[in-house]
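**Student:** structure_14.pdb is reproduced in full below (PDB, C-alpha atoms).
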```
ATOM      1  CA  MET A   1      96.235  98.300  84.927
ATOM      2  CA  SER A   2      98.784  95.465  84.928
ATOM      3  CA  ASN A   3      99.029  95.660  81.096
ATOM      4  CA  HIS A   4      99.912  99.346  81.171
ATOM      5  CA  PRO A   5     103.582 100.266  80.722
ATOM      6  CA  THR A   6     105.734 101.209  83.709
ATOM      7  CA  VAL A   7     106.565 104.914  83.536
ATOM      8  CA  ILE A   8     108.388 105.418  86.864
ATOM      9  CA  SER A   9     110.714 102.733  88.198
ATOM     10  CA  LEU A  10     112.988 102.766  91.250
ATOM     11  CA  GLU A  11     115.344  99.813  91.723
ATOM     12  CA  SER A  12     117.262  99.457  95.027
ATOM     13  CA  VAL A  13     117.735 103.217  95.295
ATOM     14  CA  THR A  14     119.840 104.688  98.102
ATOM     15  CA  LYS A  15     120.841 108.270  98.825
ATOM     16  CA  ARG A  16     123.686 109.375 101.072
ATOM     17  CA  TYR A  17     124.762 112.825 102.157
ATOM     18  CA  GLY A  18     128.315 112.367 103.388
ATOM     19  CA  SER A  19     128.346 109.313 105.628
ATOM     20  CA  LYS A  20     124.625 109.561 106.419
ATOM     21  CA  GLU A  21     122.291 107.338 104.390
ATOM     22  CA  ILE A  22     118.898 109.022 103.974
ATOM     23  CA  ILE A  23     117.192 106.553 101.598
ATOM     24  CA  HIS A  24     117.798 102.834 102.096
ATOM     25  CA  GLY A  25     117.476 100.629  99.010
ATOM     26  CA  ILE A  26     113.882 101.460  98.047
ATOM     27  CA  SER A  27     112.079  99.924  95.062
ATOM     28  CA  PHE A  28     108.641 100.565  93.561
ATOM     29  CA  GLU A  29     107.039 101.525  90.249
ATOM     30  CA  VAL A  30     104.189 103.585  88.822
ATOM     31  CA  LYS A  31     102.368 102.597  85.635
ATOM     32  CA  LYS A  32     100.561 104.724  83.070
ATOM     33  CA  GLY A  33      96.983 105.427  84.151
ATOM     34  CA  GLU A  34      97.869 104.927  87.815
ATOM     35  CA  ILE A  35      97.917 107.265  90.813
ATOM     36  CA  VAL A  36     100.283 106.030  93.499
ATOM     37  CA  GLY A  37     100.293 107.640  96.921
ATOM     38  CA  PHE A  38     103.682 108.120  98.579
ATOM     39  CA  LEU A  39     102.718 108.107 102.224
ATOM     40  CA  GLY A  40     104.889 108.937 105.209
ATOM     41  CA  PRO A  41     105.399 111.402 108.052
ATOM     42  CA  ASN A  42     107.455 114.557 107.652
ATOM     43  CA  GLY A  43     111.134 113.610 107.385
ATOM     44  CA  ALA A  44     110.424 110.081 106.105
ATOM     45  CA  GLY A  45     112.303 110.625 102.825
ATOM     46  CA  LYS A  46     109.439 111.526 100.481
ATOM     47  CA  THR A  47     110.861 114.807  99.178
ATOM     48  CA  THR A  48     114.373 113.371  98.707
ATOM     49  CA  THR A  49     112.885 110.515  96.668
ATOM     50  CA  MET A  50     110.821 112.916  94.553
ATOM     51  CA  ARG A  51     113.935 114.995  93.858
ATOM     52  CA  MET A  52     115.742 111.877  92.636
ATOM     53  CA  ILE A  53     112.821 110.927  90.379
ATOM     54  CA  SER A  54     112.726 114.448  88.928
ATOM     55  CA  GLY A  55     116.463 114.328  88.203
ATOM     56  CA  PHE A  56     117.221 117.245  90.526
ATOM     57  CA  THR A  57     119.609 115.024  92.477
ATOM     58  CA  ALA A  58     121.089 111.622  91.605
ATOM     59  CA  PRO A  59     120.833 108.454  93.698
ATOM     60  CA  THR A  60     124.028 107.282  95.371
ATOM     61  CA  THR A  61     123.307 103.713  94.243
ATOM     62  CA  GLY A  62     120.430 102.081  92.405
ATOM     63  CA  LYS A  63     118.498 103.157  89.355
ATOM     64  CA  VAL A  64     115.684 105.647  88.686
ATOM     65  CA  VAL A  65     114.005 105.390  85.274
ATOM     66  CA  VAL A  66     111.309 107.819  84.073
ATOM     67  CA  ALA A  67     109.556 107.221  80.738
ATOM     68  CA  GLY A  68     112.506 105.130  79.576
ATOM     69  CA  HIS A  69     115.171 107.628  80.674
ATOM     70  CA  ASP A  70     117.774 106.775  83.323
ATOM     71  CA  MET A  71     117.680 109.904  85.497
ATOM     72  CA  SER A  72     121.325 109.526  86.519
ATOM     73  CA  HIS A  73     122.597 109.821  82.918
ATOM     74  CA  ASP A  74     119.709 111.129  80.830
ATOM     75  CA  ASN A  75     117.918 113.494  83.169
ATOM     76  CA  PHE A  76     117.659 116.353  80.651
ATOM     77  CA  ASP A  77     115.377 114.391  78.306
ATOM     78  CA  GLY A  78     113.713 112.614  81.230
ATOM     79  CA  ALA A  79     112.790 115.927  82.848
ATOM     80  CA  LYS A  80     110.866 116.889  79.706
ATOM     81  CA  LYS A  81     108.425 114.069  80.494
ATOM     82  CA  ILE A  82     107.759 115.324  84.049
ATOM     83  CA  GLY A  83     105.391 117.857  85.532
ATOM     84  CA  TYR A  84     106.644 118.614  89.053
ATOM     85  CA  LEU A  85     104.933 120.427  91.900
ATOM     86  CA  PRO A  86     107.384 120.649  94.811
ATOM     87  CA  GLU A  87     106.180 121.337  98.342
ATOM     88  CA  GLN A  88     107.015 125.024  97.821
ATOM     89  CA  PRO A  89     105.685 125.923  94.327
ATOM     90  CA  PRO A  90     108.321 127.641  92.128
ATOM     91  CA  LEU A  91     106.439 130.912  91.642
ATOM     92  CA  TYR A  92     107.624 134.382  90.587
ATOM     93  CA  ASP A  93     105.590 136.661  92.830
ATOM     94  CA  VAL A  94     105.919 139.847  90.774
ATOM     95  CA  LEU A  95     104.463 138.234  87.637
ATOM     96  CA  LYS A  96     100.774 138.001  86.866
ATOM     97  CA  VAL A  97      99.355 134.485  86.719
ATOM     98  CA  LYS A  98      98.945 134.348  82.942
ATOM     99  CA  ARG A  99     102.372 135.892  82.306
ATOM    100  CA  TYR A 100     103.985 133.391  84.658
ATOM    101  CA  LEU A 101     102.340 130.441  82.896
ATOM    102  CA  GLN A 102     103.413 131.858  79.523
ATOM    103  CA  PHE A 103     106.981 132.005  80.850
ATOM    104  CA  VAL A 104     106.789 128.359  82.039
ATOM    105  CA  SER A 105     105.407 127.354  78.635
ATOM    106  CA  LYS A 106     108.451 128.915  76.955
ATOM    107  CA  VAL A 107     110.840 127.193  79.383
ATOM    108  CA  LYS A 108     109.151 123.852  78.686
ATOM    109  CA  GLY A 109     109.528 124.366  74.957
ATOM    110  CA  ILE A 110     105.803 124.329  74.141
ATOM    111  CA  HIS A 111     105.298 125.411  70.540
ATOM    112  CA  ARG A 112     103.988 128.957  70.178
ATOM    113  CA  SER A 113     100.914 127.741  68.308
ATOM    114  CA  ARG A 114      99.898 125.593  71.318
ATOM    115  CA  VAL A 115     100.561 128.042  74.135
ATOM    116  CA  ASN A 116      97.129 129.694  74.266
ATOM    117  CA  SER A 117      95.242 126.400  74.176
ATOM    118  CA  GLU A 118      97.555 124.975  76.846
ATOM    119  CA  LEU A 119      97.006 128.006  79.080
ATOM    120  CA  ASP A 120      93.240 127.702  78.659
ATOM    121  CA  ARG A 121      93.395 123.981  79.482
ATOM    122  CA  VAL A 122      95.402 124.247  82.704
ATOM    123  CA  MET A 123      93.716 127.438  83.947
ATOM    124  CA  ASN A 124      90.323 125.835  83.456
ATOM    125  CA  ALA A 125      91.439 122.602  85.152
ATOM    126  CA  CYS A 126      92.840 124.519  88.143
ATOM    127  CA  ARG A 127      90.012 127.099  88.309
ATOM    128  CA  LEU A 128      92.257 130.105  87.723
ATOM    129  CA  GLU A 129      90.043 132.037  85.280
ATOM    130  CA  THR A 130      89.229 134.795  87.788
ATOM    131  CA  VAL A 131      92.844 135.557  88.734
ATOM    132  CA  THR A 132      94.680 135.413  85.394
ATOM    133  CA  ASP A 133      95.589 139.123  85.562
ATOM    134  CA  LYS A 134      96.511 139.207  89.264
ATOM    135  CA  GLU A 135     100.086 139.390  90.529
ATOM    136  CA  ILE A 136     101.001 136.122  92.211
ATOM    137  CA  TYR A 137     102.051 137.805  95.474
ATOM    138  CA  LYS A 138      98.457 139.006  95.910
ATOM    139  CA  LEU A 139      97.032 135.475  95.775
ATOM    140  CA  SER A 140      95.862 133.393  98.715
ATOM    141  CA  LYS A 141      97.703 130.209  99.706
ATOM    142  CA  GLY A 142      95.035 128.163  97.914
ATOM    143  CA  TYR A 143      95.365 130.043  94.643
ATOM    144  CA  ARG A 144      99.166 129.947  94.808
ATOM    145  CA  GLN A 145      98.958 126.163  95.134
ATOM    146  CA  ARG A 146      96.640 126.023  92.125
ATOM    147  CA  VAL A 147      99.083 128.080  90.053
ATOM    148  CA  GLY A 148     101.826 125.648  91.058
ATOM    149  CA  LEU A 149      99.680 122.732  89.928
ATOM    150  CA  ALA A 150      98.878 124.515  86.645
ATOM    151  CA  GLN A 151     102.574 124.936  85.793
ATOM    152  CA  ALA A 152     103.118 121.231  86.465
ATOM    153  CA  LEU A 153     100.291 120.319  84.067
ATOM    154  CA  LEU A 154     101.580 122.491  81.220
ATOM    155  CA  GLY A 155     102.747 120.503  78.197
ATOM    156  CA  ASP A 156     100.696 117.429  79.105
ATOM    157  CA  PRO A 157     103.659 115.541  80.655
ATOM    158  CA  GLU A 158     103.649 111.744  80.929
ATOM    159  CA  VAL A 159     104.538 111.922  84.628
ATOM    160  CA  LEU A 160     103.143 114.139  87.368
ATOM    161  CA  LEU A 161     105.082 114.429  90.637
ATOM    162  CA  LEU A 162     103.139 116.141  93.414
ATOM    163  CA  ASP A 163     104.791 116.858  96.764
ATOM    164  CA  GLU A 164     102.101 117.615  99.392
ATOM    165  CA  PRO A 165      99.746 119.151  96.744
ATOM    166  CA  THR A 166      96.898 120.023  99.152
ATOM    167  CA  ALA A 167      99.006 121.491 101.977
ATOM    168  CA  GLY A 168      97.376 124.615 103.374
ATOM    169  CA  LEU A 169      94.194 124.382 101.288
ATOM    170  CA  ASP A 170      90.675 124.669 102.648
ATOM    171  CA  PRO A 171      88.257 121.705 102.261
ATOM    172  CA  GLY A 172      86.703 123.053  99.074
ATOM    173  CA  GLN A 173      90.069 123.667  97.447
ATOM    174  CA  ILE A 174      91.272 120.210  98.512
ATOM    175  CA  GLN A 175      88.284 118.605  96.803
ATOM    176  CA  GLU A 176      88.875 120.588  93.598
ATOM    177  CA  THR A 177      92.585 119.664  93.600
ATOM    178  CA  ARG A 178      91.744 115.992  94.068
ATOM    179  CA  GLU A 179      89.416 116.111  91.063
ATOM    180  CA  VAL A 180      92.171 117.616  88.891
ATOM    181  CA  ILE A 181      94.639 114.939  90.000
ATOM    182  CA  ARG A 182      92.101 112.144  89.522
ATOM    183  CA  SER A 183      91.255 113.247  85.961
ATOM    184  CA  PHE A 184      94.926 113.649  85.029
ATOM    185  CA  GLY A 185      95.742 110.207  86.418
ATOM    186  CA  GLU A 186      93.411 108.454  83.983
ATOM    187  CA  ASN A 187      95.988 108.574  81.166
ATOM    188  CA  HIS A 188      99.225 109.481  82.933
ATOM    189  CA  ALA A 189     101.452 108.284  85.763
ATOM    190  CA  VAL A 190     101.002 110.239  89.003
ATOM    191  CA  LEU A 191     103.088 109.983  92.177
ATOM    192  CA  LEU A 192     101.556 111.964  95.016
ATOM    193  CA  SER A 193     103.429 112.375  98.293
ATOM    194  CA  THR A 194     101.604 113.247 101.508
ATOM    195  CA  HIS A 195     101.512 112.600 105.239
ATOM    196  CA  ILE A 196      97.690 112.729 105.275
ATOM    197  CA  LEU A 197      96.109 109.273 105.391
ATOM    198  CA  PRO A 198      92.721 110.152 103.777
ATOM    199  CA  GLU A 199      94.509 111.934 100.936
ATOM    200  CA  VAL A 200      95.789 108.701  99.434
ATOM    201  CA  THR A 201      92.899 106.419 100.329
ATOM    202  CA  LEU A 202      90.481 108.613  98.350
ATOM    203  CA  ILE A 203      92.248 108.923  94.989
ATOM    204  CA  CYS A 204      95.093 106.394  94.767
ATOM    205  CA  GLN A 205      95.060 102.867  93.319
ATOM    206  CA  ARG A 206      98.177 101.873  95.280
ATOM    207  CA  ILE A 207     100.109 103.277  98.217
ATOM    208  CA  ALA A 208     103.839 103.131  98.934
ATOM    209  CA  ILE A 209     104.445 103.574 102.663
ATOM    210  CA  ILE A 210     107.804 105.092 103.605
ATOM    211  CA  ASN A 211     109.312 105.759 107.009
ATOM    212  CA  ASP A 212     112.889 106.639 107.973
ATOM    213  CA  GLY A 213     114.013 106.163 104.365
ATOM    214  CA  HIS A 214     112.623 102.607 104.116
ATOM    215  CA  VAL A 215     109.626 101.569 101.996
ATOM    216  CA  LEU A 216     107.633  99.416 104.415
ATOM    217  CA  ALA A 217     104.956  98.267 101.981
ATOM    218  CA  VAL A 218     103.393  98.925  98.598
ATOM    219  CA  ASP A 219      99.752  98.039  98.929
ATOM    220  CA  SER A 220      96.173  98.920  98.059
ATOM    221  CA  PRO A 221      94.107 101.465 100.025
ATOM    222  CA  GLU A 222      91.917  98.577 101.204
ATOM    223  CA  ALA A 223      94.911  96.794 102.745
ATOM    224  CA  LEU A 224      96.045 100.036 104.359
ATOM    225  CA  GLN A 225      92.583 100.537 105.840
ATOM    226  CA  THR A 226      92.709  97.015 107.269
ATOM    227  CA  ALA A 227      96.040  97.789 108.925
ATOM    228  CA  SER A 228      94.572 101.042 110.227
ATOM    229  CA  ASP A 229      91.571  99.234 111.701
ATOM    230  CA  GLN A 230      93.897  96.824 113.488
ATOM    231  CA  THR A 231      95.477  99.731 115.392
ATOM    232  CA  ASN A 232      92.126 100.861 116.834
ATOM    233  CA  ASN A 233      92.435  99.816 120.488
ATOM    234  CA  VAL A 234      91.246 100.727 123.972
ATOM    235  CA  ALA A 235      93.520  99.925 126.933
ATOM    236  CA  ILE A 236      91.806  99.425 130.312
ATOM    237  CA  GLU A 237      93.403  98.928 133.727
ATOM    238  CA  PHE A 238      91.196  97.382 136.408
ATOM    239  CA  SER A 239      91.079  95.228 139.515
ATOM    240  CA  GLY A 240      88.731  92.269 139.421
ATOM    241  CA  ASP A 241      87.953  88.867 137.929
ATOM    242  CA  THR A 242      89.277  88.625 134.350
ATOM    243  CA  GLN A 243      86.793  85.916 133.342
ATOM    244  CA  ILE A 244      83.786  87.960 134.448
ATOM    245  CA  VAL A 245      85.109  91.197 132.947
ATOM    246  CA  GLY A 246      86.142  89.446 129.728
ATOM    247  CA  ALA A 247      82.743  87.810 129.251
ATOM    248  CA  ALA A 248      80.995  91.152 129.785
ATOM    249  CA  LEU A 249      83.298  93.062 127.403
ATOM    250  CA  ARG A 250      82.813  90.512 124.629
ATOM    251  CA  GLU A 251      79.090  91.303 124.681
ATOM    252  CA  VAL A 252      79.726  94.954 123.752
ATOM    253  CA  PRO A 253      79.002  95.574 120.028
ATOM    254  CA  GLY A 254      82.203  96.543 118.248
ATOM    255  CA  VAL A 255      84.648  94.602 120.453
ATOM    256  CA  LYS A 256      86.632  92.310 118.148
ATOM    257  CA  ASP A 257      89.349  90.899 120.409
ATOM    258  CA  LEU A 258      90.646  91.057 124.000
ATOM    259  CA  LYS A 259      94.138  90.533 125.396
ATOM    260  CA  PHE A 260      94.681  90.425 129.173
ATOM    261  CA  SER A 261      97.975  91.020 130.964
ATOM    262  CA  SER A 262      99.232  91.740 134.471
ATOM    263  CA  PRO A 263     101.732  94.581 133.948
ATOM    264  CA  THR A 264     102.614  95.245 137.600
ATOM    265  CA  GLY A 265     102.532  91.741 139.030
ATOM    266  CA  LYS A 266     100.067  92.852 141.684
ATOM    267  CA  ASP A 267      97.393  90.387 142.723
ATOM    268  CA  ASN A 268      94.047  90.966 141.070
ATOM    269  CA  TYR A 269      95.355  93.946 138.998
ATOM    270  CA  PHE A 270      95.110  93.603 135.214
ATOM    271  CA  GLU A 271      95.256  95.418 131.913
ATOM    272  CA  VAL A 272      93.054  94.452 128.980
ATOM    273  CA  ASN A 273      93.703  95.644 125.444
ATOM    274  CA  CYS A 274      90.432  95.781 123.499
ATOM    275  CA  HIS A 275      90.673  95.711 119.715
ATOM    276  CA  VAL A 276      87.546  97.630 118.694
ATOM    277  CA  GLU A 277      85.739  98.963 115.661
ATOM    278  CA  ALA A 278      85.795 102.735 115.111
ATOM    279  CA  LEU A 279      82.372 103.314 116.707
ATOM    280  CA  GLU A 280      81.269 106.530 118.379
ATOM    281  CA  GLY A 281      80.994 106.270 122.168
ATOM    282  CA  ILE A 282      82.492 102.795 122.482
ATOM    283  CA  GLU A 283      84.888 103.950 125.237
ATOM    284  CA  ALA A 284      81.968 105.002 127.438
ATOM    285  CA  LYS A 285      80.289 101.625 126.960
ATOM    286  CA  LEU A 286      83.469  99.774 127.883
ATOM    287  CA  ALA A 287      83.994 101.931 130.958
ATOM    288  CA  LYS A 288      80.406 101.303 132.089
ATOM    289  CA  ILE A 289      80.779  97.530 131.704
ATOM    290  CA  VAL A 290      84.048  97.410 133.650
ATOM    291  CA  THR A 291      82.724  99.543 136.531
ATOM    292  CA  GLU A 292      79.725  97.219 136.822
ATOM    293  CA  HIS A 293      81.973  94.183 137.369
ATOM    294  CA  ALA A 294      85.296  95.515 138.707
ATOM    295  CA  ALA A 295      87.248  98.559 139.902
ATOM    296  CA  LEU A 296      88.255 100.735 136.935
ATOM    297  CA  TYR A 297      91.599 102.569 137.258
ATOM    298  CA  SER A 298      92.240 103.931 133.751
ATOM    299  CA  LEU A 299      90.986 103.826 130.173
ATOM    300  CA  SER A 300      92.845 105.164 127.132
ATOM    301  CA  ARG A 301      92.094 105.065 123.415
ATOM    302  CA  GLN A 302      94.694 104.348 120.738
ATOM    303  CA  LYS A 303      93.092 105.662 117.575
ATOM    304  CA  PRO A 304      94.400 104.827 114.111
ATOM    305  CA  THR A 305      97.314 107.097 113.196
ATOM    306  CA  LEU A 306      99.880 107.008 110.442
ATOM    307  CA  GLU A 307     102.555 106.005 112.941
ATOM    308  CA  ASN A 308     100.409 103.155 114.246
ATOM    309  CA  VAL A 309      99.837 101.892 110.726
ATOM    310  CA  PHE A 310     103.609 101.946 110.213
ATOM    311  CA  LEU A 311     104.076  99.969 113.420
ATOM    312  CA  LYS A 312     101.519  97.442 112.201
ATOM    313  CA  TYR A 313     103.400  96.941 108.925
ATOM    314  CA  VAL A 314     106.756  96.771 110.729
ATOM    315  CA  SER A 315     105.333  94.238 113.185
ATOM    316  CA  ASP A 316     103.904  92.101 110.383
ATOM    317  CA  GLY A 317     107.232  92.254 108.535
ATOM    318  CA  SER A 318     109.137  91.136 111.638
ATOM    319  CA  LYS A 319     106.749  88.247 112.209
ATOM    320  CA  GLN A 320     107.158  87.144 108.582
ATOM    321  CA  LYS A 321     110.972  87.192 108.899
ATOM    322  CA  ASP A 322     110.806  85.164 112.127
ATOM    323  CA  THR A 323     108.575  82.590 110.412
ATOM    324  CA  GLU A 324     110.884  82.307 107.400
ATOM    325  CA  SER A 325     113.956  81.877 109.624
TER     326      SER A 325
END
```
Taking this structure as input, can you express it in the form of C-alpha cells?
**Tutor:**
Amino acid sequence: MSNHPTVISLESVTKRYGSKEIIHGISFEVKKGEIVGFLGPNGAGKTTTMRMISGFTAPTTGKVVVAGHDMSHDNFDGAKKIGYLPEQPPLYDVLKVKRYLQFVSKVKGIHRSRVNSELDRVMNACRLETVTDKEIYKLSKGYRQRVGLAQALLGDPEVLLLDEPTAGLDPGQIQETREVIRSFGENHAVLLSTHILPEVTLICQRIAIINDGHVLAVDSPEALQTASDQTNNVAIEFSGDTQIVGAALREVPGVKDLKFSSPTGKDNYFEVNCHVEALEGIEAKLAKIVTEHAALYSLSRQKPTLENVFLKYVSDGSKQKDTES
C-alpha cells in the first residue's frame, strides 16, 4: 500500500464562511487501492470536506489535490477523475433508471461505444437489473441509494467519494453496498464518510477521525477499536471498605482496571470506575460483588460510543502535548 501513488491529498486545509471557520487546518491523504473511512458525528465537517475534494467549493486556505489536479485552480479536469455520491443522491425522479444512467454517461463524456457496457457493469454491481425500466420516484430508499452509487461508478473514475452511502438501507442492502465499495477499492482511491463506527471498521484500511472541523487522528481500524475498548467503563457508587471491595472486583472476569475516588468528601462514600471488557452481563456481576461487601448506591455503564472514542483521542493528544512541553 505504501508504494501506491497518492490520489487524494489535503494539506492544511481550512474553510471559512464569513468570519466562521468550519474546517481547521486538516491534512490527510488517500492512496490508490485504499479505502479510507472519514468518521465523525453529524456536523463534524465531513460533507464540507467532501465538497472541497470534489471541487464543488474551494478551501479558504490550504491545498486539495485529486489525481494530480489542484482543485482550487484545475477543478474541471479534476472532477473528471471523481465519482461522487453525496448524502442526497442527485436523481431525476421522472426518469427511468436506465435513462437516467444514460444521461449521466453523456454528462460524463463516456464514449457512445462504451455506454452500454458501462451501464451493464454498474447496474450489475449495484443489483439494479430488476428496476432498469422503473421511474426513479417509484423506487424504495434502498434502490434510490443504489442508483446514486451506480452513477458515481460510471466511467470507472480514479476516485470515489461516498457521503453516508448506507444511510437508510436495510441490513441486506448495507452488506451488498459494502461489497461493491470493497471491490471498487481494490484498484481505486475511496473516501467514505460516515458517523457509523462499524461501517469503517469493516471495510476501511485507515480511518480519519474528524470532530468540530478538526482531524483528531488518522489511524487503523485496530487502533480505533483499542480506543473504543478503553472507553468501556462501569461507574459504581458505594459505601464501604475500598480495599475489600477492590480485591473482590478484581476477581471478576473482564475487569481490567479500577480507579477509586471520593466525589462528595463524605466519610466511607466512594466511587469506583471499572474499566471492563465488553462482556454480556458484567454489570450484574459487579453489582452482586459490591452488594456482598458494601452498600451499593448506583451503577451506570459507559459503553463505547463515537463521542467517547473522540474524547479518548483528544485526551491522549492533550497528554502528549503536556509531555512534550
**Student:** Convert the output of the PyMOL selection byres ((chain A and resi 202-211) around 8) on the shown file into explicit residues, formatted as an NGL selection string.
**Tutor:** :A and (28 or 34-41 or 44-46 or 178 or 182 or 198-201 or 212-221 or 310)
**Student:** What are the centre and edge lengths in Å, to one decimal, of the axis-aligned box around all listed atoms of segment 41-46 of chain A with 8 Å added on each side, as lines of an AutoDock Vina configuration file?
**Tutor:**
```
center_x = 108.9
center_y = 112.3
center_z = 104.3
size_x = 22.9
size_y = 20.5
size_z = 23.6
```
**Student:** Restricting the calculation to only C-alpha atoms, which member of A:Phe76, A:Tyr143, A:Tyr100, A:Tyr92 is positioned closest to Glu129 of chain A?
**Tutor:**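 The closest residue to Glu129 of chain A is A:Tyr143.
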**Student:** Check the smallest atom-to-atom distance from each of A:Ile53, A:Ala189, A:Leu128, A:Val252 to Glu277 of chain A using all atoms listed in the file, then report the winner.
**Tutor:**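 Using all atoms listed in the file, the shortest distance to Glu277 of chain A belongs to A:Val252.
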**Student:** Which of these, A:Ile289, A:Val104, A:Val7, A:Val122, has the shortest distance to Gly78 of chain A once you count only C-alpha atoms?
**Tutor:**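 Closest to Gly78 of chain A, using only C-alpha atoms: A:Val7.
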